[in-house]
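Quick look at model.cif (mmCIF, C-alpha atoms (C1' of nucleotides)):
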```cif
data_entry
loop_
_atom_site.label_atom_id
_atom_site.label_comp_id
_atom_site.auth_asym_id
_atom_site.auth_seq_id
_atom_site.Cartn_x
_atom_site.Cartn_y
_atom_site.Cartn_z
CA MET A 1 60.68 6.40 75.58
CA ASP A 2 57.13 6.69 74.30
CA ILE A 3 58.07 8.58 71.18
CA GLU A 4 56.10 7.63 68.08
CA PHE A 5 58.43 7.22 65.13
CA LYS A 6 57.25 7.33 61.56
CA ARG A 7 57.60 4.23 59.43
CA LEU A 8 59.96 4.49 56.45
CA GLN A 9 58.31 4.31 53.03
CA PHE A 10 59.43 1.89 50.31
CA ASP A 11 60.94 4.85 48.46
CA PHE A 12 63.57 5.05 51.21
CA TYR A 13 65.00 1.69 50.11
CA SER A 14 64.92 2.31 46.37
CA HIS A 15 68.39 3.88 46.17
CA ASN A 16 71.96 2.61 45.88
CA ALA A 17 73.20 0.52 48.82
CA LEU A 18 76.03 3.00 49.45
CA GLU A 19 73.44 5.72 50.01
CA VAL A 20 70.96 3.69 52.05
CA ALA A 21 73.45 1.90 54.33
CA PRO A 22 74.55 5.05 56.22
CA LEU A 23 70.99 6.39 56.29
CA LEU A 24 69.84 3.28 58.18
CA LEU A 25 72.07 4.12 61.14
CA GLY A 26 69.93 5.25 64.07
CA LYS A 27 66.75 3.90 62.48
CA ILE A 28 64.72 1.38 64.49
CA ILE A 29 63.83 -2.10 63.27
CA HIS A 30 60.66 -3.57 64.79
CA CYS A 31 60.26 -7.33 64.55
CA ASN A 32 58.95 -10.24 66.63
CA GLU A 33 58.14 -8.25 69.80
CA VAL A 34 61.41 -6.32 69.94
CA ALA A 35 62.82 -3.07 68.54
CA LEU A 36 66.50 -2.38 67.88
CA ILE A 37 68.41 0.79 67.03
CA ILE A 38 70.65 0.04 64.05
CA THR A 39 74.26 1.02 64.81
CA GLU A 40 76.31 -0.66 62.08
CA THR A 41 75.61 -1.63 58.47
CA GLU A 42 77.44 -2.92 55.41
CA ALA A 43 76.59 -2.29 51.75
CA TYR A 44 76.75 -5.04 49.10
CA LEU A 45 76.54 -4.16 45.41
CA PRO A 46 76.01 -6.23 42.24
CA THR A 47 79.46 -5.27 40.91
CA ASP A 48 81.09 -6.33 44.16
CA SER A 49 82.97 -9.65 44.41
CA ALA A 50 82.01 -9.90 48.09
CA CYS A 51 78.30 -9.92 47.21
CA HIS A 52 76.45 -13.23 47.23
CA ALA A 53 74.83 -12.32 43.92
CA TYR A 54 78.13 -11.50 42.16
CA ASN A 55 78.08 -14.79 40.25
CA GLY A 56 74.43 -14.54 39.28
CA LYS A 57 71.08 -15.46 40.69
CA THR A 58 70.62 -18.63 42.76
CA GLU A 59 67.83 -19.93 44.94
CA ARG A 60 69.47 -18.48 48.04
CA ASN A 61 70.26 -14.98 46.80
CA ALA A 62 67.14 -14.43 44.66
CA PRO A 63 65.62 -11.93 47.16
CA MET A 64 68.55 -9.57 46.54
CA PHE A 65 67.22 -9.04 43.02
CA LEU A 66 63.87 -7.79 44.29
CA SER A 67 63.05 -4.12 44.69
CA GLY A 68 64.03 -2.27 47.87
CA GLY A 69 62.24 -3.05 51.12
CA PHE A 70 62.42 -6.86 51.13
CA LEU A 71 64.34 -9.06 53.55
CA TYR A 72 67.27 -11.26 52.62
CA VAL A 73 68.17 -13.65 55.44
CA TYR A 74 70.66 -16.49 55.09
CA LEU A 75 72.44 -18.99 57.27
CA CYS A 76 76.12 -18.33 57.91
CA TYR A 77 78.61 -20.91 59.21
CA GLY A 78 75.72 -23.29 59.80
CA ILE A 79 74.56 -21.39 62.87
CA HIS A 80 73.85 -17.71 62.37
CA ASN A 81 70.97 -16.07 60.55
CA LEU A 82 72.27 -12.85 59.02
CA CYS A 83 69.68 -10.21 58.25
CA ASN A 84 69.86 -7.91 55.22
CA ILE A 85 67.49 -5.31 53.86
CA VAL A 86 67.26 -5.42 50.07
CA VAL A 87 67.74 -2.04 48.43
CA ASP A 88 67.83 -0.40 44.99
CA LYS A 89 65.57 -1.19 42.04
CA GLU A 90 64.22 -4.56 40.97
CA GLY A 91 66.90 -6.49 39.07
CA VAL A 92 69.77 -4.74 40.89
CA ALA A 93 71.16 -7.32 43.31
CA SER A 94 71.95 -5.13 46.25
CA ALA A 95 71.43 -5.25 50.01
CA VAL A 96 72.44 -3.78 53.36
CA LEU A 97 73.59 -6.13 56.13
CA LEU A 98 72.59 -5.26 59.70
CA ARG A 99 75.87 -5.81 61.52
CA ALA A 100 75.16 -4.35 64.97
CA ALA A 101 72.38 -2.78 67.02
CA GLN A 102 71.31 -1.54 70.45
CA VAL A 103 68.21 -2.65 72.28
CA TYR A 104 65.40 -0.09 72.03
CA SER A 105 62.61 -2.20 73.54
CA GLY A 106 61.96 -5.83 74.43
CA SER A 107 65.08 -6.37 76.54
CA ASP A 108 63.51 -9.18 78.58
CA ILE A 109 62.67 -11.11 75.43
CA ILE A 110 66.12 -10.52 73.97
CA ARG A 111 67.75 -11.77 77.16
CA GLN A 112 65.73 -14.99 76.82
CA ARG A 113 66.74 -15.42 73.18
CA ARG A 114 70.38 -14.49 73.84
CA ASN A 115 71.12 -16.47 76.98
CA GLY A 116 71.07 -13.40 79.23
CA SER A 117 73.08 -11.09 76.99
CA LEU A 118 72.01 -7.76 75.50
CA ASP A 119 75.20 -7.37 73.46
CA LEU A 120 74.15 -7.06 69.82
CA VAL A 121 77.46 -6.21 68.17
CA GLY A 122 77.75 -8.82 65.41
CA PRO A 123 75.31 -9.82 62.70
CA GLY A 124 74.58 -13.27 64.13
CA LYS A 125 73.52 -11.66 67.40
CA VAL A 126 71.25 -9.20 65.63
CA GLY A 127 69.54 -12.02 63.75
CA GLN A 128 69.07 -13.94 66.97
CA ALA A 129 67.58 -10.94 68.80
CA LEU A 130 65.15 -10.32 65.93
CA GLN A 131 64.44 -14.06 65.72
CA LEU A 132 64.72 -13.99 61.94
CA THR A 133 65.55 -17.14 59.99
CA ARG A 134 65.93 -18.28 56.41
CA ALA A 135 62.14 -18.74 56.36
CA ASP A 136 61.82 -14.94 56.47
CA SER A 137 64.08 -14.42 53.45
CA GLY A 138 62.22 -12.87 50.52
CA LYS A 139 59.45 -11.39 52.66
CA ALA A 140 58.56 -7.74 52.17
CA LEU A 141 58.71 -5.35 55.07
CA SER A 142 55.18 -5.27 56.47
CA ASP A 143 53.06 -4.54 59.53
CA GLU A 144 54.93 -7.41 61.24
CA ILE A 145 58.47 -6.40 60.35
CA PHE A 146 59.29 -2.78 59.60
CA VAL A 147 61.73 0.07 60.14
CA THR A 148 60.90 3.49 61.56
CA GLU A 149 62.68 6.78 62.00
CA GLY A 150 64.77 6.93 65.15
CA PHE A 151 67.84 8.85 66.22
CA THR A 152 70.37 10.96 64.33
CA PRO A 153 73.99 9.80 64.52
CA VAL A 154 76.47 12.33 65.91
CA SER A 155 78.97 11.07 63.34
CA ILE A 156 79.38 8.12 60.98
CA GLU A 157 82.62 6.16 60.65
CA LYS A 158 83.51 4.18 57.54
CA ALA A 159 85.60 1.02 57.52
CA PRO A 160 86.28 -2.04 55.35
CA ARG A 161 83.73 -4.82 55.63
CA VAL A 162 84.29 -7.84 57.85
CA GLY A 163 84.84 -11.48 56.87
CA ILE A 164 85.22 -11.08 53.11
CA ASP A 165 88.84 -12.10 52.52
CA TYR A 166 87.66 -14.13 49.54
CA ALA A 167 86.75 -10.93 47.63
CA LEU A 168 88.95 -9.11 45.10
CA PRO A 169 91.36 -6.64 46.74
CA GLN A 170 89.53 -3.51 45.64
CA ASP A 171 86.24 -4.84 47.06
CA ARG A 172 87.84 -6.20 50.23
CA ASP A 173 89.40 -2.82 50.97
CA ALA A 174 86.38 -0.67 50.08
CA LYS A 175 85.07 1.22 53.09
CA TRP A 176 81.49 0.09 52.75
CA ARG A 177 80.89 -0.55 56.46
CA PHE A 178 79.17 2.28 58.31
CA ILE A 179 79.29 2.69 62.08
CA ALA A 180 77.45 5.07 64.41
CA LYS A 181 78.90 5.31 67.93
CA GLU A 182 76.46 7.78 69.51
CA PHE A 183 73.26 9.58 68.67
CA LYS A 184 71.89 13.07 69.24
CA LYS A 185 69.26 13.34 71.92
"C1'" DA B 1 93.16 -9.08 76.54
"C1'" DG B 2 94.62 -11.74 72.80
"C1'" DA B 3 95.06 -16.02 70.18
"C1'" DG B 4 93.11 -20.33 69.01
"C1'" DT B 5 89.25 -23.44 67.95
"C1'" DG B 6 84.94 -26.33 67.81
"C1'" DA B 7 80.12 -25.98 66.61
"C1'" DT B 8 76.98 -26.53 62.84
"C1'" DG B 9 74.44 -27.02 58.18
"C1'" DT B 10 73.39 -24.97 53.75
"C1'" DT B 11 75.09 -23.81 49.29
"C1'" DC B 12 77.64 -24.22 45.30
"C1'" DT B 13 81.52 -26.68 42.68
"C1'" DG C 1 83.69 -31.90 49.51
"C1'" DA C 2 85.04 -27.14 50.46
"C1'" DA C 3 83.77 -22.83 51.76
"C1'" DC C 4 81.16 -19.80 54.34
"C1'" DA C 5 79.21 -11.61 55.28
"C1'" DT C 6 80.14 -15.90 62.96
"C1'" DC C 7 80.05 -16.72 68.02
"C1'" DA C 8 81.34 -18.25 72.45
"C1'" DC C 9 84.30 -20.50 74.78
"C1'" DT C 10 88.96 -21.96 76.29
"C1'" DC C 11 93.75 -21.48 76.92
"C1'" DT C 12 98.05 -18.76 77.69
"C1'" DA C 13 99.91 -14.44 79.84
#
```
Output the file's structure in the form of structure tokens.
Amino acid sequence: MDIEFKRLQFDFYSHNALEVAPLLLGKIIHCNEVALIITETEAYLPTDSACHAYNGKTERNAPMFLSGGFLYVYLCYGIHNLCNIVVDKEGVASAVLLRAAQVYSGSDIIRQRRNGSLDLVGPGKVGQALQLTRADSGKALSDEIFVTEGFTPVSIEKAPRVGIDYALPQDRDAKWRFIAKEFKK
DNA sequence: AGAGTGATGTTCT
DNA sequence: GAACATCACTCTA
């Protein structure tokens, strides 16, 4: 458990969301005293009617237009803080949503934040475990919040994204959700 | 175990 | 004023 993982460089995030989203599986996000293994991600692209930035820049989605390696956090359904990592080049409104994770360290703290539960399948739960809020949106990854190498997925499943019925059919059906079920030792 | 639903508040029309 | 990249709980079986 005392393995030292190398921190990802900004270059890692500078590519298309469809490339970066699967690569984030098995990586470890360190934030607010806890560390989580990323197990499920979704890609959002500028040409994608499910993307918050599809209709142009607003105050909320402005971080998505930044260069890769920034955070985009927003409030969903009035309750949940959903955490995205901005990817691709500056001006390309693109991000990867963290949809599920496993606890790597800090389980006691996560239990406190999550009312005893360590289940982190669902983006609202991930945001709660990381204790990220809208106030963190637009921040760059830093010494406080960062992602390191981690584990290699045994396999990666693709599936349509969740909760985007409002999108055009071709975007709604695109398999831009990436899931890792187990990792190599 | 599956379906239904209230909570909760910002954002954009 | 409607919609929203959800969750946890209840109810019915």
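Coordinates place CA of Arg111 in chain A at a distance of 19.3 Å from C1' of DT6 in chain C.
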To one decimal place, how far is CA of Met64 in chain A from CA of Val86 in chain A in Å?
->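 Separation between CA of Met64 in chain A and CA of Val86 in chain A: 5.6 Å.
All of the residues in chain A within 7 Å of chain C are Cys76, Tyr77, His80, Gly124, Val162, Gly163 and Ile164 of chain A, where all atoms listed in the file were counted.
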Counting only C-alpha atoms (C1' of nucleotides), which residues of chain A sit at most 12 Å from some atom of chain B, and what is each one's closest atom pair with its distance in Å to one decimal, listed by chain and rising residue number, as CSV?
```
residue,atom,partner,partner_atom,distance
A:His52,CA,B:DT11,C1',10.9
A:Asn55,CA,B:DC12,C1',10.7
A:Gly56,CA,B:DC12,C1',11.8
A:Lys57,CA,B:DC12,C1',11.9
A:Thr58,CA,B:DC12,C1',9.3
A:Glu59,CA,B:DT11,C1',9.3
A:Arg60,CA,B:DT11,C1',7.8
A:Asn61,CA,B:DT11,C1',10.4
A:Tyr74,CA,B:DT10,C1',9.0
A:Leu75,CA,B:DT10,C1',7.0
A:Cys76,CA,B:DT10,C1',8.3
A:Tyr77,CA,B:DT8,C1',6.9
A:Gly78,CA,B:DG9,C1',4.3
A:Ile79,CA,B:DT8,C1',5.7
A:His80,CA,B:DT8,C1',9.4
A:Asn81,CA,B:DT10,C1',11.5
A:Arg134,CA,B:DT10,C1',10.4
```
Interatomic distance, CA of His30 in chain A to CA of Ile109 in chain A (Å, one decimal) =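 For CA of His30 in chain A relative to CA of Ile109 in chain A, the distance reads 13.2 Å.
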Using 5 Å of padding on each side, determine the axis-aligned box around all atoms of range 64-76 of chain A present in the file and give its centre and edge lengths in Å to one decimal, as lines of an AutoDock Vina configuration file.
```
center_x = 69.2
center_y = -10.6
center_z = 50.5
size_x = 23.9
size_y = 26.7
size_z = 24.9
```
Got a sec to resolve the PyMOL selection byres ((chain A and resi 45) around 12) on this structure and send the residues as a VMD selection string?
-> chain A and resid 15 to 21 42 to 44 46 to 55 64 to 65 86 to 89 91 to 97 171 174 176
Given the choices A:Leu24, A:Ile145, A:Leu8, A:Leu130, which gets closest to Ile110 in chain A if the distance is worked out from all atoms listed in the file?
->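 Among the listed residues, A:Leu130 lies closest to Ile110 in chain A.
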